[in-house]
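**Student:** Provided below: work-v8.cif, containing mmCIF, C-alpha atoms.
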```
data_data
#
loop_
_atom_site.group_PDB
_atom_site.id
_atom_site.type_symbol
_atom_site.label_atom_id
_atom_site.label_comp_id
_atom_site.auth_asym_id
_atom_site.auth_seq_id
_atom_site.Cartn_x
_atom_site.Cartn_y
_atom_site.Cartn_z
ATOM 1 C CA MET R 10 -16.661 -28.405 -2.931
ATOM 2 C CA HIS R 11 -17.533 -26.136 -5.829
ATOM 3 C CA LYS R 12 -14.364 -24.770 -7.471
ATOM 4 C CA ILE R 13 -14.275 -21.141 -8.530
ATOM 5 C CA TYR R 14 -11.471 -19.781 -10.695
ATOM 6 C CA TYR R 15 -10.283 -16.367 -9.521
ATOM 7 C CA PRO R 16 -8.627 -14.511 -12.416
ATOM 8 C CA TYR R 17 -6.115 -11.687 -12.253
ATOM 9 C CA GLU R 18 -8.722 -9.181 -13.468
ATOM 10 C CA GLU R 19 -10.959 -9.939 -10.483
ATOM 11 C CA PHE R 20 -7.966 -9.755 -8.119
ATOM 12 C CA LYS R 21 -7.121 -6.308 -9.460
ATOM 13 C CA GLU R 22 -10.692 -5.057 -9.027
ATOM 14 C CA ASP R 23 -10.890 -6.558 -5.528
ATOM 15 C CA LEU R 24 -7.645 -4.853 -4.528
ATOM 16 C CA LYS R 25 -9.146 -1.543 -5.678
ATOM 17 C CA ILE R 26 -12.179 -2.231 -3.495
ATOM 18 C CA LEU R 27 -9.877 -3.119 -0.597
ATOM 19 C CA THR R 28 -8.004 0.190 -0.909
ATOM 20 C CA GLN R 29 -11.355 1.981 -0.727
ATOM 21 C CA LYS R 30 -12.227 0.139 2.483
ATOM 22 C CA ILE R 31 -8.897 0.647 4.232
ATOM 23 C CA ASP R 32 -9.368 3.775 6.327
ATOM 24 C CA GLN R 33 -6.502 3.662 8.793
ATOM 25 C CA PRO R 34 -2.881 4.584 8.135
ATOM 26 C CA PHE R 35 -0.025 2.096 8.081
ATOM 27 C CA ASP R 36 3.680 2.340 7.335
ATOM 28 C CA THR R 37 4.486 -1.299 6.588
ATOM 29 C CA ILE R 38 2.810 -4.089 4.635
ATOM 30 C CA LEU R 39 3.551 -7.636 5.736
ATOM 31 C CA GLY R 40 2.445 -10.424 3.417
ATOM 32 C CA ILE R 41 1.884 -13.942 4.704
ATOM 33 C CA ALA R 42 3.633 -16.221 2.184
ATOM 34 C CA ARG R 43 2.702 -17.544 -0.202
ATOM 35 C CA GLY R 44 -0.883 -16.261 -0.473
ATOM 36 C CA GLY R 45 -0.227 -12.657 0.499
ATOM 37 C CA LEU R 46 2.858 -11.929 -1.623
ATOM 38 C CA SER R 47 1.246 -10.537 -4.802
ATOM 39 C CA MET R 48 -1.163 -8.528 -2.659
ATOM 40 C CA ALA R 49 1.726 -7.100 -0.651
ATOM 41 C CA GLN R 50 3.591 -6.141 -3.812
ATOM 42 C CA MET R 51 0.653 -4.443 -5.536
ATOM 43 C CA LEU R 52 -0.540 -2.648 -2.413
ATOM 44 C CA GLY R 53 3.039 -1.573 -1.747
ATOM 45 C CA GLU R 54 3.181 0.021 -5.191
ATOM 46 C CA TYR R 55 -0.243 1.627 -4.721
ATOM 47 C CA TYR R 56 0.627 3.146 -1.337
ATOM 48 C CA ASP R 57 4.186 3.930 -2.489
ATOM 49 C CA LEU R 58 5.678 2.056 0.458
ATOM 50 C CA ARG R 59 9.041 0.378 0.272
ATOM 51 C CA GLU R 60 8.515 -1.384 3.627
ATOM 52 C CA ILE R 61 6.970 -4.457 2.022
ATOM 53 C CA TYR R 62 7.899 -7.522 4.011
ATOM 54 C CA ALA R 63 6.977 -11.186 4.153
ATOM 55 C CA LEU R 64 6.851 -13.968 6.700
ATOM 56 C CA ASN R 65 6.283 -17.694 6.497
ATOM 57 C CA THR R 66 4.000 -20.132 8.235
ATOM 58 C CA ILE R 67 3.668 -23.905 8.294
ATOM 59 C CA GLY R 68 0.541 -25.598 9.564
ATOM 60 C CA TYR R 69 0.843 -28.944 11.307
ATOM 61 C CA GLU R 70 -2.086 -31.243 11.901
ATOM 62 C CA GLY R 71 -1.705 -32.452 15.461
ATOM 63 C CA THR R 72 -3.600 -35.141 17.348
ATOM 64 C CA GLN R 73 -7.354 -34.714 17.882
ATOM 65 C CA LYS R 74 -7.500 -32.338 14.913
ATOM 66 C CA LEU R 75 -5.675 -29.627 16.802
ATOM 67 C CA LYS R 76 -3.807 -27.584 14.256
ATOM 68 C CA SER R 77 -0.614 -25.849 15.203
ATOM 69 C CA VAL R 78 0.953 -23.115 13.112
ATOM 70 C CA GLU R 79 4.650 -22.289 13.115
ATOM 71 C CA VAL R 80 5.550 -18.707 12.191
ATOM 72 C CA PHE R 81 9.074 -17.970 10.936
ATOM 73 C CA ASN R 82 11.210 -15.563 8.930
ATOM 74 C CA ILE R 83 9.671 -12.699 10.858
ATOM 75 C CA PRO R 84 10.982 -9.372 9.507
ATOM 76 C CA ASP R 85 12.465 -6.596 11.592
ATOM 77 C CA LEU R 86 9.551 -4.335 12.597
ATOM 78 C CA LYS R 87 11.484 -2.130 15.045
ATOM 79 C CA SER R 88 10.907 0.956 12.863
ATOM 80 C CA SER R 89 7.244 0.173 12.134
ATOM 81 C CA LYS R 90 4.322 1.727 13.978
ATOM 82 C CA GLN R 91 1.312 0.403 12.044
ATOM 83 C CA VAL R 92 1.618 -2.821 10.083
ATOM 84 C CA LEU R 93 -0.930 -4.022 7.554
ATOM 85 C CA LEU R 94 -0.840 -7.809 7.535
ATOM 86 C CA VAL R 95 -2.206 -9.261 4.276
ATOM 87 C CA ASP R 96 -3.245 -12.730 3.152
ATOM 88 C CA ASP R 97 -5.382 -14.036 0.300
ATOM 89 C CA ILE R 98 -7.987 -15.783 2.460
ATOM 90 C CA VAL R 99 -8.938 -16.089 6.105
ATOM 91 C CA ASP R 100 -10.339 -19.615 6.139
ATOM 92 C CA SER R 101 -10.204 -21.307 9.565
ATOM 93 C CA GLY R 102 -8.431 -18.251 10.974
ATOM 94 C CA ASP R 103 -5.746 -20.473 12.581
ATOM 95 C CA THR R 104 -2.895 -18.921 10.607
ATOM 96 C CA LEU R 105 -3.924 -15.308 11.166
ATOM 97 C CA LEU R 106 -4.543 -15.898 14.884
ATOM 98 C CA GLU R 107 -1.122 -17.455 15.429
ATOM 99 C CA VAL R 108 0.690 -14.862 13.289
ATOM 100 C CA LEU R 109 -0.909 -12.029 15.268
ATOM 101 C CA LYS R 110 -0.135 -13.731 18.585
ATOM 102 C CA VAL R 111 3.550 -14.200 17.694
ATOM 103 C CA LEU R 112 3.949 -10.707 16.236
ATOM 104 C CA LYS R 113 2.283 -8.992 19.200
ATOM 105 C CA GLU R 114 4.553 -10.875 21.603
ATOM 106 C CA ILE R 115 7.680 -9.684 19.796
ATOM 107 C CA TYR R 116 6.422 -6.198 18.899
ATOM 108 C CA PRO R 117 3.938 -5.123 21.611
ATOM 109 C CA GLN R 118 4.295 -1.463 20.582
ATOM 110 C CA VAL R 119 3.156 -2.075 16.976
ATOM 111 C CA THR R 120 -0.478 -1.777 15.845
ATOM 112 C CA PHE R 121 -1.418 -4.654 13.555
ATOM 113 C CA LEU R 122 -4.204 -4.226 11.005
ATOM 114 C CA THR R 123 -5.279 -7.098 8.770
ATOM 115 C CA ALA R 124 -6.690 -7.374 5.258
ATOM 116 C CA SER R 125 -7.682 -10.289 3.049
ATOM 117 C CA LEU R 126 -9.443 -10.798 -0.256
ATOM 118 C CA PHE R 127 -11.660 -13.554 1.147
ATOM 119 C CA TYR R 128 -13.027 -14.233 4.605
ATOM 120 C CA LYS R 129 -15.061 -17.212 5.737
ATOM 121 C CA LYS R 130 -17.577 -16.212 8.368
ATOM 122 C CA SER R 131 -16.816 -19.444 10.267
ATOM 123 C CA ALA R 132 -13.213 -18.359 10.860
ATOM 124 C CA LYS R 133 -12.012 -17.850 14.444
ATOM 125 C CA ILE R 134 -10.930 -14.300 13.648
ATOM 126 C CA ALA R 135 -12.101 -11.642 11.214
ATOM 127 C CA PRO R 136 -9.634 -9.448 9.333
ATOM 128 C CA THR R 137 -9.939 -5.699 9.837
ATOM 129 C CA TRP R 138 -10.932 -5.434 6.156
ATOM 130 C CA TYR R 139 -11.890 -8.011 3.528
ATOM 131 C CA VAL R 140 -13.574 -7.944 0.149
ATOM 132 C CA LYS R 141 -15.552 -11.151 -0.378
ATOM 133 C CA VAL R 142 -17.026 -14.213 1.243
ATOM 134 C CA PRO R 143 -16.016 -17.320 -0.751
ATOM 135 C CA LYS R 144 -18.868 -19.298 -2.318
ATOM 136 C CA GLY R 145 -16.718 -22.366 -2.962
ATOM 137 C CA TRP R 146 -13.095 -23.437 -3.190
ATOM 138 C CA ILE R 147 -11.195 -20.494 -4.686
ATOM 139 C CA GLU R 148 -8.650 -21.429 -7.351
ATOM 140 C CA PHE R 149 -6.454 -18.327 -7.411
ATOM 141 C CA PHE R 150 -4.843 -17.333 -10.713
ATOM 142 C CA TRP R 151 -1.383 -17.626 -9.189
ATOM 143 C CA SER R 152 -1.995 -21.349 -8.606
ATOM 144 C CA GLU R 153 -3.608 -22.034 -11.970
ATOM 145 C CA ASP R 154 -2.164 -19.795 -14.668
ATOM 146 C CA LEU R 155 1.210 -21.497 -15.167
ATOM 147 C CA LYS R 156 -0.295 -24.991 -15.448
ATOM 148 C CA MET S 1 12.985 6.959 -22.170
ATOM 149 C CA HIS S 2 10.287 5.080 -24.055
ATOM 150 C CA LYS S 3 7.709 3.644 -21.611
ATOM 151 C CA ILE S 4 6.387 0.143 -22.185
ATOM 152 C CA TYR S 5 3.413 -1.184 -20.267
ATOM 153 C CA TYR S 6 3.914 -4.784 -19.178
ATOM 154 C CA PRO S 7 0.540 -6.446 -18.584
ATOM 155 C CA TYR S 8 -0.254 -9.469 -16.450
ATOM 156 C CA GLU S 9 -0.866 -11.620 -19.522
ATOM 157 C CA GLU S 10 2.690 -11.021 -20.753
ATOM 158 C CA PHE S 11 4.068 -11.667 -17.267
ATOM 159 C CA LYS S 12 2.273 -15.015 -17.203
ATOM 160 C CA GLU S 13 3.619 -16.022 -20.617
ATOM 161 C CA ASP S 14 7.124 -14.878 -19.672
ATOM 162 C CA LEU S 15 7.017 -16.925 -16.475
ATOM 163 C CA LYS S 16 6.090 -19.975 -18.569
ATOM 164 C CA ILE S 17 9.118 -19.280 -20.793
ATOM 165 C CA LEU S 18 11.278 -18.892 -17.684
ATOM 166 C CA THR S 19 10.185 -22.284 -16.344
ATOM 167 C CA GLN S 20 11.176 -23.825 -19.687
ATOM 168 C CA LYS S 21 14.636 -22.269 -19.419
ATOM 169 C CA ILE S 22 15.310 -23.213 -15.803
ATOM 170 C CA ASP S 23 17.196 -26.505 -16.020
ATOM 171 C CA GLN S 24 18.733 -26.866 -12.575
ATOM 172 C CA PRO S 25 16.993 -28.010 -9.392
ATOM 173 C CA PHE S 26 16.322 -25.760 -6.420
ATOM 174 C CA ASP S 27 14.513 -26.208 -3.121
ATOM 175 C CA THR S 28 13.857 -22.589 -2.166
ATOM 176 C CA ILE S 29 12.700 -19.480 -4.012
ATOM 177 C CA LEU S 30 13.807 -16.150 -2.619
ATOM 178 C CA GLY S 31 12.135 -13.043 -4.025
ATOM 179 C CA ILE S 32 13.801 -9.658 -3.844
ATOM 180 C CA ALA S 33 11.073 -7.257 -2.627
ATOM 181 C CA ARG S 34 9.186 -5.620 -4.049
ATOM 182 C CA GLY S 35 9.851 -6.594 -7.681
ATOM 183 C CA GLY S 36 10.293 -10.315 -7.159
ATOM 184 C CA LEU S 37 7.323 -11.047 -4.894
ATOM 185 C CA SER S 38 4.647 -11.968 -7.463
ATOM 186 C CA MET S 39 7.226 -14.005 -9.389
ATOM 187 C CA ALA S 40 8.200 -15.855 -6.218
ATOM 188 C CA GLN S 41 4.566 -16.607 -5.423
ATOM 189 C CA MET S 42 3.637 -17.893 -8.885
ATOM 190 C CA LEU S 43 6.834 -19.911 -9.337
ATOM 191 C CA GLY S 44 6.346 -21.325 -5.852
ATOM 192 C CA GLU S 45 2.899 -22.546 -6.845
ATOM 193 C CA TYR S 46 4.187 -23.924 -10.151
ATOM 194 C CA TYR S 47 7.052 -25.860 -8.538
ATOM 195 C CA ASP S 48 4.884 -26.788 -5.551
ATOM 196 C CA LEU S 49 7.398 -25.359 -3.103
ATOM 197 C CA ARG S 50 6.404 -23.945 0.248
ATOM 198 C CA GLU S 51 9.871 -22.512 0.863
ATOM 199 C CA ILE S 52 9.028 -19.169 -0.730
ATOM 200 C CA TYR S 53 10.919 -16.415 1.026
ATOM 201 C CA ALA S 54 11.593 -12.722 0.570
ATOM 202 C CA LEU S 55 14.298 -10.242 1.464
ATOM 203 C CA ASN S 56 14.555 -6.468 1.256
ATOM 204 C CA THR S 57 17.068 -4.061 -0.176
ATOM 205 C CA ILE S 58 17.523 -0.303 -0.060
ATOM 206 C CA GLY S 59 19.780 1.491 -2.511
ATOM 207 C CA TYR S 60 21.612 4.606 -1.371
ATOM 208 C CA GLU S 61 23.234 7.067 -3.737
ATOM 209 C CA GLY S 62 26.609 7.864 -2.221
ATOM 210 C CA THR S 63 29.147 10.507 -3.164
ATOM 211 C CA GLN S 64 30.756 10.325 -6.618
ATOM 212 C CA LYS S 65 27.791 8.304 -7.895
ATOM 213 C CA LEU S 66 28.816 5.240 -5.907
ATOM 214 C CA LYS S 67 25.685 3.318 -5.120
ATOM 215 C CA SER S 68 25.514 1.219 -2.001
ATOM 216 C CA VAL S 69 22.853 -1.375 -1.397
ATOM 217 C CA GLU S 70 21.708 -2.497 2.023
ATOM 218 C CA VAL S 71 20.274 -6.023 2.248
ATOM 219 C CA PHE S 72 18.017 -6.891 5.189
ATOM 220 C CA ASN S 73 15.290 -9.229 6.410
ATOM 221 C CA ILE S 74 17.346 -12.152 5.174
ATOM 222 C CA PRO S 75 15.404 -15.390 5.688
ATOM 223 C CA ASP S 76 16.754 -18.494 7.384
ATOM 224 C CA LEU S 77 18.381 -20.627 4.656
ATOM 225 C CA LYS S 78 19.981 -23.210 6.947
ATOM 226 C CA SER S 79 17.829 -25.978 5.463
ATOM 227 C CA SER S 80 18.231 -24.835 1.851
ATOM 228 C CA LYS S 81 20.741 -26.340 -0.590
ATOM 229 C CA GLN S 82 19.859 -24.597 -3.860
ATOM 230 C CA VAL S 83 18.134 -21.235 -3.773
ATOM 231 C CA LEU S 84 16.539 -19.562 -6.775
ATOM 232 C CA LEU S 85 16.798 -15.813 -6.292
ATOM 233 C CA VAL S 86 14.195 -13.921 -8.350
ATOM 234 C CA ASP S 87 13.700 -10.289 -9.297
ATOM 235 C CA ASP S 88 11.709 -8.520 -11.992
ATOM 236 C CA ILE S 89 14.648 -6.810 -13.693
ATOM 237 C CA VAL S 90 18.432 -6.811 -13.548
ATOM 238 C CA ASP S 91 19.144 -3.213 -14.505
ATOM 239 C CA SER S 92 22.504 -1.912 -13.242
ATOM 240 C CA GLY S 93 23.101 -5.225 -11.474
ATOM 241 C CA ASP S 94 24.038 -3.407 -8.238
ATOM 242 C CA THR S 95 21.216 -4.964 -6.234
ATOM 243 C CA LEU S 96 21.752 -8.531 -7.446
ATOM 244 C CA LEU S 97 25.537 -8.292 -6.929
ATOM 245 C CA GLU S 98 25.173 -7.070 -3.353
ATOM 246 C CA VAL S 99 22.421 -9.550 -2.484
ATOM 247 C CA LEU S 100 24.538 -12.450 -3.760
ATOM 248 C CA LYS S 101 27.610 -11.181 -1.904
ATOM 249 C CA VAL S 102 25.735 -10.904 1.397
ATOM 250 C CA LEU S 103 23.961 -14.246 0.999
ATOM 251 C CA LYS S 104 27.144 -16.133 0.064
ATOM 252 C CA GLU S 105 28.918 -14.691 3.103
ATOM 253 C CA ILE S 106 26.203 -15.926 5.449
ATOM 254 C CA TYR S 107 25.444 -19.190 3.625
ATOM 255 C CA PRO S 108 28.649 -20.346 1.906
ATOM 256 C CA GLN S 109 27.282 -23.883 1.567
ATOM 257 C CA VAL S 110 24.217 -22.825 -0.461
ATOM 258 C CA THR S 111 24.154 -22.700 -4.277
ATOM 259 C CA PHE S 112 22.456 -19.531 -5.508
ATOM 260 C CA LEU S 113 20.797 -19.462 -8.932
ATOM 261 C CA THR S 114 19.205 -16.295 -10.264
ATOM 262 C CA ALA S 115 16.276 -15.538 -12.559
ATOM 263 C CA SER S 116 14.685 -12.346 -13.820
ATOM 264 C CA LEU S 117 12.088 -11.340 -16.372
ATOM 265 C CA PHE S 118 14.275 -8.578 -17.811
ATOM 266 C CA TYR S 119 18.021 -8.182 -18.053
ATOM 267 C CA LYS S 120 19.941 -5.173 -19.392
ATOM 268 C CA LYS S 121 23.106 -6.251 -21.156
ATOM 269 C CA SER S 122 24.950 -3.306 -19.565
ATOM 270 C CA ALA S 123 24.379 -4.732 -16.059
ATOM 271 C CA LYS S 124 27.409 -5.716 -13.971
ATOM 272 C CA ILE S 125 26.058 -9.241 -13.536
ATOM 273 C CA ALA S 126 23.850 -11.516 -15.612
ATOM 274 C CA PRO S 127 21.186 -13.684 -14.007
ATOM 275 C CA THR S 128 21.452 -17.427 -14.556
ATOM 276 C CA TRP S 129 18.206 -17.219 -16.558
ATOM 277 C CA TYR S 130 16.185 -14.332 -17.938
ATOM 278 C CA VAL S 131 13.440 -13.886 -20.488
ATOM 279 C CA LYS S 132 13.753 -10.509 -22.202
ATOM 280 C CA VAL S 133 15.968 -7.522 -22.829
ATOM 281 C CA PRO S 134 14.016 -4.316 -22.084
ATOM 282 C CA LYS S 135 13.504 -1.974 -25.054
ATOM 283 C CA GLY S 136 12.507 0.963 -22.851
ATOM 284 C CA TRP S 137 11.327 1.782 -19.349
ATOM 285 C CA ILE S 138 9.121 -1.139 -18.260
ATOM 286 C CA GLU S 139 5.925 -0.134 -16.472
ATOM 287 C CA PHE S 140 4.984 -3.356 -14.720
ATOM 288 C CA PHE S 141 1.299 -4.125 -14.215
ATOM 289 C CA TRP S 142 1.795 -4.276 -10.446
ATOM 290 C CA SER S 143 2.802 -0.580 -10.479
ATOM 291 C CA GLU S 144 0.106 0.577 -12.889
ATOM 292 C CA ASP S 145 -3.046 -1.485 -12.487
ATOM 293 C CA LEU S 146 -4.362 0.000 -9.237
ATOM 294 C CA LYS S 147 -3.933 3.593 -10.403
#
```
With the file now loaded, output its structure as structure tokens.
**Tutor:**
Amino acid sequence: MHKIYYPYEEFKEDLKILTQKIDQPFDTILGIARGGLSMAQMLGEYYDLREIYALNTIGYEGTQKLKSVEVFNIPDLKSSKQVLLVDDIVDSGDTLLEVLKVLKEIYPQVTFLTASLFYKKSAKIAPTWYVKVPKGWIEFFWSEDLK
Amino acid sequence: MHKIYYPYEEFKEDLKILTQKIDQPFDTILGIARGGLSMAQMLGEYYDLREIYALNTIGYEGTQKLKSVEVFNIPDLKSSKQVLLVDDIVDSGDTLLEVLKVLKEIYPQVTFLTASLFYKKSAKIAPTWYVKVPKGWIEFFWSEDLK
């Protein structure tokens, strides 16, 4: 698959575009680690929110190509009404689907909105807002720049 | 106080310096939100660790200038042996002191190492590793670049 380097400068511009698209209020940003952490931090600064949380997922390849996703380190959302869930890319959609399922079970009263930089149209779920469709394998600056 | 803009390029170079200084093993990186999130993500990619967690703090100004820090959303560290705690700056040291106190109470068997980009020599605690002493008020790129 064609590799495309994604530099910080493009990330910054894409986050600006994302903030222009986001047209619903939220009081909490929840980044899916690792991919959503820098996004969560920068959007948290932009929206002047201190409720910037993270959670973790692990994907397991099961039999017959069934993928299961474990969601853990879920933050306390008792005081949150609208949560913006952020991740770098919605690829298969497996992670986002499972995260939303788990979060809605625990916090049925919370509205969950979702945002990503990239979204593959073949994914099982679309984020509420996204910026780009990937045209190859994205090599994010956070994976490449310390090499 | 003299303001100093801290761009992504300097952050990247400083993280490289930090990785050269870090000379003890760890199996988990724990970022103090919001300041430590991008650091945690990039170091997690560099060290190829998936155990990249976050926690939150709130500082309250009490009477007689006593500052109290609340630590919450503490991740599950039962499987961790050595945790690298990261934050952008150790300023007064109040946050790092309280975070370490709370974490050591809950996880007495875990070794906690600490790393920051900036460290003020007047702080009550020094991180295990740091890169720079601030020569003014640091305006980090993550606070400035979406403005």
**Student:** Can you tell me which residues surround Gly68 in chain R at a distance of at most 12 Å, considering only C-alpha atoms, apart from same-chain residues fewer than 4 positions away, and format the answer as a list in words?
**Tutor:**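 The residues satisfying every condition are Lys74, Leu75, Lys76, Ser77, Val78, Glu79, Val80, Phe81, Ser101, Gly102, Asp103, Thr104, Leu105, Glu107 and Val108 of chain R; Arg50 of chain S.
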**Student:** Using all atoms listed in the file, find which residues of chain R lie within 8 Å of chain S and jot them down as a ChimeraX atom specification.
**Tutor:** /R:17,21,24-25,42-44,46-47,50-51,53-55,59,61-65,82-85,151-152,154-156
**Student:** Quick one: apply the PyMOL selection byres ((chain S and resi 78) around 10) to the file and drop the selected residues here as a count of residues only.
**Tutor:** 10
**Student:** As a check of understanding, name the residues that the PyMOL selection byres ((chain S and resi 24) around 12) selects in the supplied structure, as a list in words.
**Tutor:**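 Selected by the PyMOL selection byres ((chain S and resi 24) around 12) here: Thr19, Gln20, Lys21, Ile22, Asp23, Pro25, Phe26, Asp27, Gln82, Val83, Leu84, Thr111, Phe112, Leu113, Thr114, Ala115, Thr128 and Trp129 of chain S.
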**Student:** For C-alpha atoms, I'd like the residues from the last selection saved as a compact mmCIF listing (two decimals), keeping the file's coordinate frame.
**Tutor:**
```txt
# COMPACT_ATOMS: atom_id res chain seq x y z
CA THR S 19 10.18 -22.28 -16.34
CA GLN S 20 11.18 -23.82 -19.69
CA LYS S 21 14.64 -22.27 -19.42
CA ILE S 22 15.31 -23.21 -15.80
CA ASP S 23 17.20 -26.50 -16.02
CA PRO S 25 16.99 -28.01 -9.39
CA PHE S 26 16.32 -25.76 -6.42
CA ASP S 27 14.51 -26.21 -3.12
CA GLN S 82 19.86 -24.60 -3.86
CA VAL S 83 18.13 -21.24 -3.77
CA LEU S 84 16.54 -19.56 -6.78
CA THR S 111 24.15 -22.70 -4.28
CA PHE S 112 22.46 -19.53 -5.51
CA LEU S 113 20.80 -19.46 -8.93
CA THR S 114 19.20 -16.30 -10.26
CA ALA S 115 16.28 -15.54 -12.56
CA THR S 128 21.45 -17.43 -14.56
CA TRP S 129 18.21 -17.22 -16.56
```
**Student:** Go through the shown structure with the PyMOL selection byres ((chain S and resi 1) around 7) and write out the matching residues as an MDAnalysis selection string.
**Tutor:** chainID S and resid 2:3 136:137
**Student:** Could you state the separation of CA of Glu61 in chain S and CA of Lys135 in chain S in Å, given to one decimal place?
**Tutor:** 25.1 Å
